[in-house]
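First comes the structure, then the notes that go with it.
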Amino acid sequence: MTVAPELPVSDLLTSRPYVVSTVRQQTHDIVTIDVRPEGEPIAFVPGQFDMVYVYGTGEAAISASSDPATPELLSHTIRAVGGVTQALNELQPGATIGIRGPYGRGWPLAAAEGRDLVIVAGGIGLAPVRPAILAALAQRERFSRIALLVGARSPRDLVFRDDLDRWTADRRIDVHVTVDSAVRGWSGRVGVVTTLIPRVPFDPEHATVLTCGPETMMWFTGEALRKRGVDPAQVYVTLERNMKCAVGTCGHCQLGPVFLCRDGPVFAWPEVADLLGEREL
Amino acid sequence: MTTTDPALPQGDLDAVRTTIAQHPFAAGLAVDHLAVLAEHAATVVVAAGTFVFRQGAPADTLYLLVEGDVDLEVAGGGAEPLVLESLHGGDALGWSWLFPTQPWLFDAHARSATRAVTIDGDRLRAAVHADAVFGRDLACRVAALVSDRLRHARLQLVDSWTHDRRA
Ligand SMILES: Cc1cc2nc3c(=O)[nH]c(=O)nc-3n(C[C@H](O)[C@H](O)[C@H](O)COP(=O)(O)OP(=O)(O)OC[C@H]3O[C@@H](n4cnc5c(N)ncnc54)[C@H](O)[C@@H]3O)c2cc1C
Ligand code: FES
């Protein structure tokens with residue numbers, strides 16, 4: 001698993017000012033916010049998250065969704081579900097927010113080298129795997145096949161459409177998109193993301209799979225991968241629970257024996273198979 | 001509009017049997033069981049933009065899609081039809097023939113020109129009851145199909161339930 005660059009504890013707990021440079025509306029309730037640091041940029045690895053602070057409102061854990069090669073332009077993709085995420089959705093260019101991080105273990109890209117890399121994303125779940133896709137494409141020769149399987153509730157719930165169009169035209173990655181339902185006129189596939197798993201060409205015995213989406217979707221995906229013959233130890237998921245400190249001290253994110261912020265958010269399937277779907281403590 | 005497939009002469013049992021044998025639904029099926037399927041089969045082409053079958057019509061056929069894209073749609077209250085699943089070459093469609101007098105619950109709309117093998121459901125049901133070994137094999141294949149579709153439908157349901165949360 002890729003581990004965060006070590007930062008002094010004081011740095012980990014202090015939020016730094018970032019200025020919003022662009023706000024891109026992805027869907028009716030999801031935006032991507034690009035921010036630039038007022039000080040030095042801080043590197044992150046794909047799969048890590050930040051604590052993003054809207055001054056006067058509060059903090060939320062949000063995964064980085066930008067290219068790790070350009071930490072000076074950091075992006076977060078946020079769905080409005082409550083106070084903080086709604087405030088983040090309403091930000092305008094020029095606004096200043098606070099960010100501390102990055103935190104947690106990232107996607108195991110190094111362990112996937114020489115193997116087929118399969119990425120399964122549901123809905124906004126494409127955001128936390130996007131940095132991994134960009135990093136894998138930047139070192140394309142290190143992987144065998146790269147396949148991206150994307151599912152969304154409907155065509156209007158698809159995020160990063162420009163990327164999907166670009167990657168579909170890029171022969172270095174095999175992109176498959178499906179939606180749960182659509183009205184006539186949608187020319188793509190209709191069906192849940194797991195319907196893609198038996199069809200997409202990859203070698204199940206030599207594949208590493210990264211999956212991100214709602215927990216039920218990841219559970220069904222794990223099952224479909226097992227049926228296809230993928231070793232569960234080669235399947236990685238990223239989990240979400242409420243976070244407070246993000247550094248393993250407050251216990252808010254505890255799930256069974258693990259602290260998601262410190263031990264995750266990326267886990268190998270066998271580490272958390274029994275915990276998927278568990279309620280918060 | 002459904003017509004017979006000019007690429008496969010009707011009555012050419014060998015050609016039909018080969019097409020069925022290459023279909024994932026029939027993977028590993030015993031040779032004599034393949035012959036039973038072929039005996040009750042025809043090959044068809046469905047023009048793009050037309051219906052393979054309509055909701056409410058008797059569900060009396062098993063379709064093995066060879067090529068093309070078919071949308072399963074529900075049409076409701078004058079609104080645009082909602083596509084619930086798209087099926088493609090290699091997919092099987094229809095299991096209601098296993099039980100007599102069931103109607104299709106959806107429209108099946110060919111999004112592109114579609115080639116399929118159709119197997120007569122009444123005769124297939126009779127063959128299933130006449131030969132216990134054939135019947136068990138076929139029932140298991142249909143059960144696997146139903147189980148897959150049920151999983152997909154459940155995930156679809158969860159996705160729509162969790163709409164207002166993160167999805
Ligand atoms: C490691 C990690 C990475 C994350 N990455 C992202 C990301 O990239 N983009 C993004 O939009 N969100 C992400 N989240 C979720 C995000 O942190 C929460 O949505 C946010 O904290 C909600 O805060 P709020 O004040 O807006 O809503 P609250 O008022 O705290 O909650 C509003 C409603 O949303 C529900 N809710 C809160 N959090 C979640 C959740 N994680 N899943 C489902 N329902 C939830 C609550 O139960 C409540 O019903 C991530 C969470 C974690 C732990
Ligand atoms: S958020 Fe405090 S221990 Fe994880």
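Naming works like this for the structure tokens: A, B, ... for the chains as they're shown, residue 1 at the start of each chain, ligands 1 onward in shown order.
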**Study point:** Selection within 6 Å of ligand 1 by only C-alpha atoms and all ligand atoms, output as a VMD selection string
**Key:** (chain A and resid 49 60 to 63 77 to 79 81 to 86 127 to 128 240 to 243 265) or (chain B and resid 165 to 166)
Report as JSON lines the residues of chain A within 9 Å of chain B, each with its shortest atom pair and distance in Å (one decimal), using only C-alpha atoms, ordered by chain and increasing residue number.
```
{"residue": "A:Arg79", "atom": "CA", "partner": "B:Arg166", "partner_atom": "CA", "distance": 7.0}
{"residue": "A:Ala80", "atom": "CA", "partner": "B:Arg166", "partner_atom": "CA", "distance": 8.6}
{"residue": "A:Val81", "atom": "CA", "partner": "B:Arg165", "partner_atom": "CA", "distance": 6.4}
{"residue": "A:Gly122", "atom": "CA", "partner": "B:Ala167", "partner_atom": "CA", "distance": 7.0}
{"residue": "A:Gly123", "atom": "CA", "partner": "B:Ala167", "partner_atom": "CA", "distance": 5.4}
{"residue": "A:Ile124", "atom": "CA", "partner": "B:Ala167", "partner_atom": "CA", "distance": 6.4}
{"residue": "A:Gly125", "atom": "CA", "partner": "B:Ala167", "partner_atom": "CA", "distance": 7.7}
{"residue": "A:Ala152", "atom": "CA", "partner": "B:Ala167", "partner_atom": "CA", "distance": 8.1}
{"residue": "A:Arg153", "atom": "CA", "partner": "B:Asp159", "partner_atom": "CA", "distance": 6.8}
{"residue": "A:Val179", "atom": "CA", "partner": "B:Glu85", "partner_atom": "CA", "distance": 8.8}
{"residue": "A:Asp180", "atom": "CA", "partner": "B:Gln156", "partner_atom": "CA", "distance": 6.1}
{"residue": "A:Ser181", "atom": "CA", "partner": "B:Leu84", "partner_atom": "CA", "distance": 4.9}
{"residue": "A:Ala182", "atom": "CA", "partner": "B:Val83", "partner_atom": "CA", "distance": 5.1}
{"residue": "A:Val183", "atom": "CA", "partner": "B:Leu82", "partner_atom": "CA", "distance": 4.8}
{"residue": "A:Arg184", "atom": "CA", "partner": "B:Pro81", "partner_atom": "CA", "distance": 6.5}
{"residue": "A:Ser187", "atom": "CA", "partner": "B:Arg111", "partner_atom": "CA", "distance": 8.4}
{"residue": "A:Gly188", "atom": "CA", "partner": "B:Ser86", "partner_atom": "CA", "distance": 8.7}
{"residue": "A:Arg189", "atom": "CA", "partner": "B:Ser86", "partner_atom": "CA", "distance": 5.8}
{"residue": "A:Val190", "atom": "CA", "partner": "B:Glu85", "partner_atom": "CA", "distance": 4.7}
{"residue": "A:Gly191", "atom": "CA", "partner": "B:Glu85", "partner_atom": "CA", "distance": 4.8}
{"residue": "A:Val192", "atom": "CA", "partner": "B:His152", "partner_atom": "CA", "distance": 6.0}
{"residue": "A:Val193", "atom": "CA", "partner": "B:His152", "partner_atom": "CA", "distance": 8.8}
{"residue": "A:Thr194", "atom": "CA", "partner": "B:His152", "partner_atom": "CA", "distance": 7.5}
{"residue": "A:Thr195", "atom": "CA", "partner": "B:His152", "partner_atom": "CA", "distance": 7.4}
{"residue": "A:Gly213", "atom": "CA", "partner": "B:Ala167", "partner_atom": "CA", "distance": 6.7}
{"residue": "A:Pro214", "atom": "CA", "partner": "B:Ala167", "partner_atom": "CA", "distance": 5.6}
{"residue": "A:Thr216", "atom": "CA", "partner": "B:Leu155", "partner_atom": "CA", "distance": 7.3}
{"residue": "A:Met217", "atom": "CA", "partner": "B:Leu155", "partner_atom": "CA", "distance": 6.8}
{"residue": "A:Phe220", "atom": "CA", "partner": "B:Leu155", "partner_atom": "CA", "distance": 7.6}
```
Got time to write the residues from that selection, N, CA and C atoms, as a PDB file, in the first residue's frame?
```
ATOM      1  N   ARG A  79     -19.762  15.972  -3.118  1.00  0.00           N
ATOM      2  CA  ARG A  79     -21.210  15.885  -3.254  1.00  0.00           C
ATOM      3  C   ARG A  79     -21.861  16.547  -2.039  1.00  0.00           C
ATOM      4  N   ALA A  80     -22.839  17.401  -2.281  1.00  0.00           N
ATOM      5  CA  ALA A  80     -23.511  18.111  -1.184  1.00  0.00           C
ATOM      6  C   ALA A  80     -24.466  17.160  -0.479  1.00  0.00           C
ATOM      7  N   VAL A  81     -24.126  16.781   0.767  1.00  0.00           N
ATOM      8  CA  VAL A  81     -25.034  15.934   1.555  1.00  0.00           C
ATOM      9  C   VAL A  81     -25.425  16.593   2.880  1.00  0.00           C
ATOM     10  N   GLY A 122     -17.995   3.589  -8.814  1.00  0.00           N
ATOM     11  CA  GLY A 122     -19.439   3.827  -8.838  1.00  0.00           C
ATOM     12  C   GLY A 122     -19.728   5.266  -8.452  1.00  0.00           C
ATOM     13  N   GLY A 123     -20.458   6.007  -9.285  1.00  0.00           N
ATOM     14  CA  GLY A 123     -20.859   7.377  -8.984  1.00  0.00           C
ATOM     15  C   GLY A 123     -19.673   8.275  -8.705  1.00  0.00           C
ATOM     16  N   ILE A 124     -19.748   9.013  -7.592  1.00  0.00           N
ATOM     17  CA  ILE A 124     -18.659   9.935  -7.228  1.00  0.00           C
ATOM     18  C   ILE A 124     -17.389   9.167  -6.846  1.00  0.00           C
ATOM     19  N   GLY A 125     -17.492   7.856  -6.744  1.00  0.00           N
ATOM     20  CA  GLY A 125     -16.334   6.990  -6.470  1.00  0.00           C
ATOM     21  C   GLY A 125     -15.241   7.106  -7.516  1.00  0.00           C
ATOM     22  N   ALA A 152     -22.878   4.618 -13.009  1.00  0.00           N
ATOM     23  CA  ALA A 152     -23.564   5.761 -12.385  1.00  0.00           C
ATOM     24  C   ALA A 152     -25.051   5.452 -12.405  1.00  0.00           C
ATOM     25  N   ARG A 153     -25.803   6.169 -11.569  1.00  0.00           N
ATOM     26  CA  ARG A 153     -27.247   5.902 -11.518  1.00  0.00           C
ATOM     27  C   ARG A 153     -27.921   6.194 -12.843  1.00  0.00           C
ATOM     28  N   VAL A 179     -24.819   2.768 -16.981  1.00  0.00           N
ATOM     29  CA  VAL A 179     -25.691   3.486 -16.034  1.00  0.00           C
ATOM     30  C   VAL A 179     -26.805   2.542 -15.589  1.00  0.00           C
ATOM     31  N   ASP A 180     -27.325   2.790 -14.388  1.00  0.00           N
ATOM     32  CA  ASP A 180     -28.366   1.911 -13.840  1.00  0.00           C
ATOM     33  C   ASP A 180     -29.647   1.963 -14.655  1.00  0.00           C
ATOM     34  N   SER A 181     -29.982   3.149 -15.138  1.00  0.00           N
ATOM     35  CA  SER A 181     -31.172   3.297 -15.977  1.00  0.00           C
ATOM     36  C   SER A 181     -30.999   4.558 -16.807  1.00  0.00           C
ATOM     37  N   ALA A 182     -31.753   4.613 -17.909  1.00  0.00           N
ATOM     38  CA  ALA A 182     -31.619   5.759 -18.818  1.00  0.00           C
ATOM     39  C   ALA A 182     -32.909   5.901 -19.595  1.00  0.00           C
ATOM     40  N   VAL A 183     -33.096   7.044 -20.219  1.00  0.00           N
ATOM     41  CA  VAL A 183     -34.202   7.113 -21.172  1.00  0.00           C
ATOM     42  C   VAL A 183     -33.634   6.801 -22.545  1.00  0.00           C
ATOM     43  N   ARG A 184     -34.524   6.477 -23.465  1.00  0.00           N
ATOM     44  CA  ARG A 184     -34.088   6.120 -24.810  1.00  0.00           C
ATOM     45  C   ARG A 184     -33.237   7.242 -25.397  1.00  0.00           C
ATOM     46  N   SER A 187     -26.708   6.102 -25.639  1.00  0.00           N
ATOM     47  CA  SER A 187     -26.166   5.085 -26.539  1.00  0.00           C
ATOM     48  C   SER A 187     -25.251   4.089 -25.839  1.00  0.00           C
ATOM     49  N   GLY A 188     -25.029   4.310 -24.532  1.00  0.00           N
ATOM     50  CA  GLY A 188     -24.139   3.399 -23.809  1.00  0.00           C
ATOM     51  C   GLY A 188     -24.888   2.232 -23.193  1.00  0.00           C
ATOM     52  N   ARG A 189     -24.183   1.501 -22.371  1.00  0.00           N
ATOM     53  CA  ARG A 189     -24.791   0.335 -21.718  1.00  0.00           C
ATOM     54  C   ARG A 189     -25.723   0.766 -20.589  1.00  0.00           C
ATOM     55  N   VAL A 190     -26.709  -0.082 -20.307  1.00  0.00           N
ATOM     56  CA  VAL A 190     -27.583   0.126 -19.146  1.00  0.00           C
ATOM     57  C   VAL A 190     -27.511  -1.140 -18.298  1.00  0.00           C
ATOM     58  N   GLY A 191     -27.190  -0.961 -17.040  1.00  0.00           N
ATOM     59  CA  GLY A 191     -27.057  -2.102 -16.126  1.00  0.00           C
ATOM     60  C   GLY A 191     -26.096  -1.674 -15.038  1.00  0.00           C
ATOM     61  N   VAL A 192     -26.138  -2.328 -13.899  1.00  0.00           N
ATOM     62  CA  VAL A 192     -25.246  -1.943 -12.801  1.00  0.00           C
ATOM     63  C   VAL A 192     -23.795  -2.275 -13.166  1.00  0.00           C
ATOM     64  N   VAL A 193     -22.870  -1.655 -12.461  1.00  0.00           N
ATOM     65  CA  VAL A 193     -21.458  -1.745 -12.850  1.00  0.00           C
ATOM     66  C   VAL A 193     -20.939  -3.194 -12.811  1.00  0.00           C
ATOM     67  N   THR A 194     -21.538  -4.007 -11.941  1.00  0.00           N
ATOM     68  CA  THR A 194     -21.071  -5.397 -11.837  1.00  0.00           C
ATOM     69  C   THR A 194     -21.360  -6.199 -13.111  1.00  0.00           C
ATOM     70  N   THR A 195     -22.301  -5.726 -13.962  1.00  0.00           N
ATOM     71  CA  THR A 195     -22.581  -6.463 -15.210  1.00  0.00           C
ATOM     72  C   THR A 195     -21.377  -6.393 -16.146  1.00  0.00           C
ATOM     73  N   GLY A 213     -16.770   3.257  -4.326  1.00  0.00           N
ATOM     74  CA  GLY A 213     -18.174   3.611  -4.558  1.00  0.00           C
ATOM     75  C   GLY A 213     -18.937   3.344  -3.283  1.00  0.00           C
ATOM     76  N   PRO A 214     -20.255   3.347  -3.347  1.00  0.00           N
ATOM     77  CA  PRO A 214     -21.036   3.017  -2.155  1.00  0.00           C
ATOM     78  C   PRO A 214     -20.671   1.605  -1.679  1.00  0.00           C
ATOM     79  N   THR A 216     -22.351  -0.957  -0.684  1.00  0.00           N
ATOM     80  CA  THR A 216     -23.082  -2.080  -1.273  1.00  0.00           C
ATOM     81  C   THR A 216     -22.530  -2.397  -2.656  1.00  0.00           C
ATOM     82  N   MET A 217     -22.236  -1.363  -3.410  1.00  0.00           N
ATOM     83  CA  MET A 217     -21.671  -1.574  -4.745  1.00  0.00           C
ATOM     84  C   MET A 217     -20.319  -2.286  -4.643  1.00  0.00           C
ATOM     85  N   PHE A 220     -20.934  -6.006  -3.858  1.00  0.00           N
ATOM     86  CA  PHE A 220     -21.361  -6.747  -5.045  1.00  0.00           C
ATOM     87  C   PHE A 220     -20.193  -6.892  -6.041  1.00  0.00           C
TER      88      PHE A 220
END
```
Exercise for review: Please write out the residues within 6 Å of ligand 2 as a list in words, counting only C-alpha atoms and all ligand atoms.
Suggested key: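 The residues near ligand 2 are Met243, Lys244, Cys245, Ala246, Val247, Gly248, Thr249, Cys250, Gly251, His252, Cys253, Phe259, Leu260 and Cys261 of chain A.
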Practice item. Quote the spacing between CA of Gln102 in chain B and CA of Gln55 in chain B in Å to one decimal place. Key: 10.8 Å
Practice item. Would you work out the distance separating CA of Leu255 in chain A from CA of Ile30 in chain A, expressed in Å to one decimal? Key: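 CA of Ile30 in chain A lies at a distance of 27.0 Å from CA of Leu255 in chain A.
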Practice item. Could you give me, as a PyMOL selection string, the residues within 7 Å of Val52 in chain B, counting only C-alpha atoms and dropping anything in the same chain fewer than 4 positions from it? Key: chain B and resi 2+46+108-110
Same residues, N, CA and C atoms, saved as a PDB file, in the first residue's frame:
```pdb
ATOM      1  N   THR B   2     -39.155  -8.315 -36.990  1.00  0.00           N
ATOM      2  CA  THR B   2     -38.338  -9.517 -36.861  1.00  0.00           C
ATOM      3  C   THR B   2     -38.470 -10.347 -38.136  1.00  0.00           C
ATOM      4  N   VAL B  46     -33.589  -8.797 -35.934  1.00  0.00           N
ATOM      5  CA  VAL B  46     -34.555  -7.768 -35.527  1.00  0.00           C
ATOM      6  C   VAL B  46     -33.979  -6.415 -35.967  1.00  0.00           C
ATOM      7  N   ALA B 108     -38.947  -5.211 -25.134  1.00  0.00           N
ATOM      8  CA  ALA B 108     -37.547  -5.405 -25.538  1.00  0.00           C
ATOM      9  C   ALA B 108     -37.379  -4.706 -26.875  1.00  0.00           C
ATOM     10  N   HIS B 109     -36.552  -3.661 -26.856  1.00  0.00           N
ATOM     11  CA  HIS B 109     -36.430  -2.764 -28.012  1.00  0.00           C
ATOM     12  C   HIS B 109     -35.018  -2.904 -28.589  1.00  0.00           C
ATOM     13  N   ALA B 110     -34.944  -3.230 -29.869  1.00  0.00           N
ATOM     14  CA  ALA B 110     -33.620  -3.403 -30.496  1.00  0.00           C
ATOM     15  C   ALA B 110     -33.024  -2.030 -30.783  1.00  0.00           C
TER      16      ALA B 110
END
```
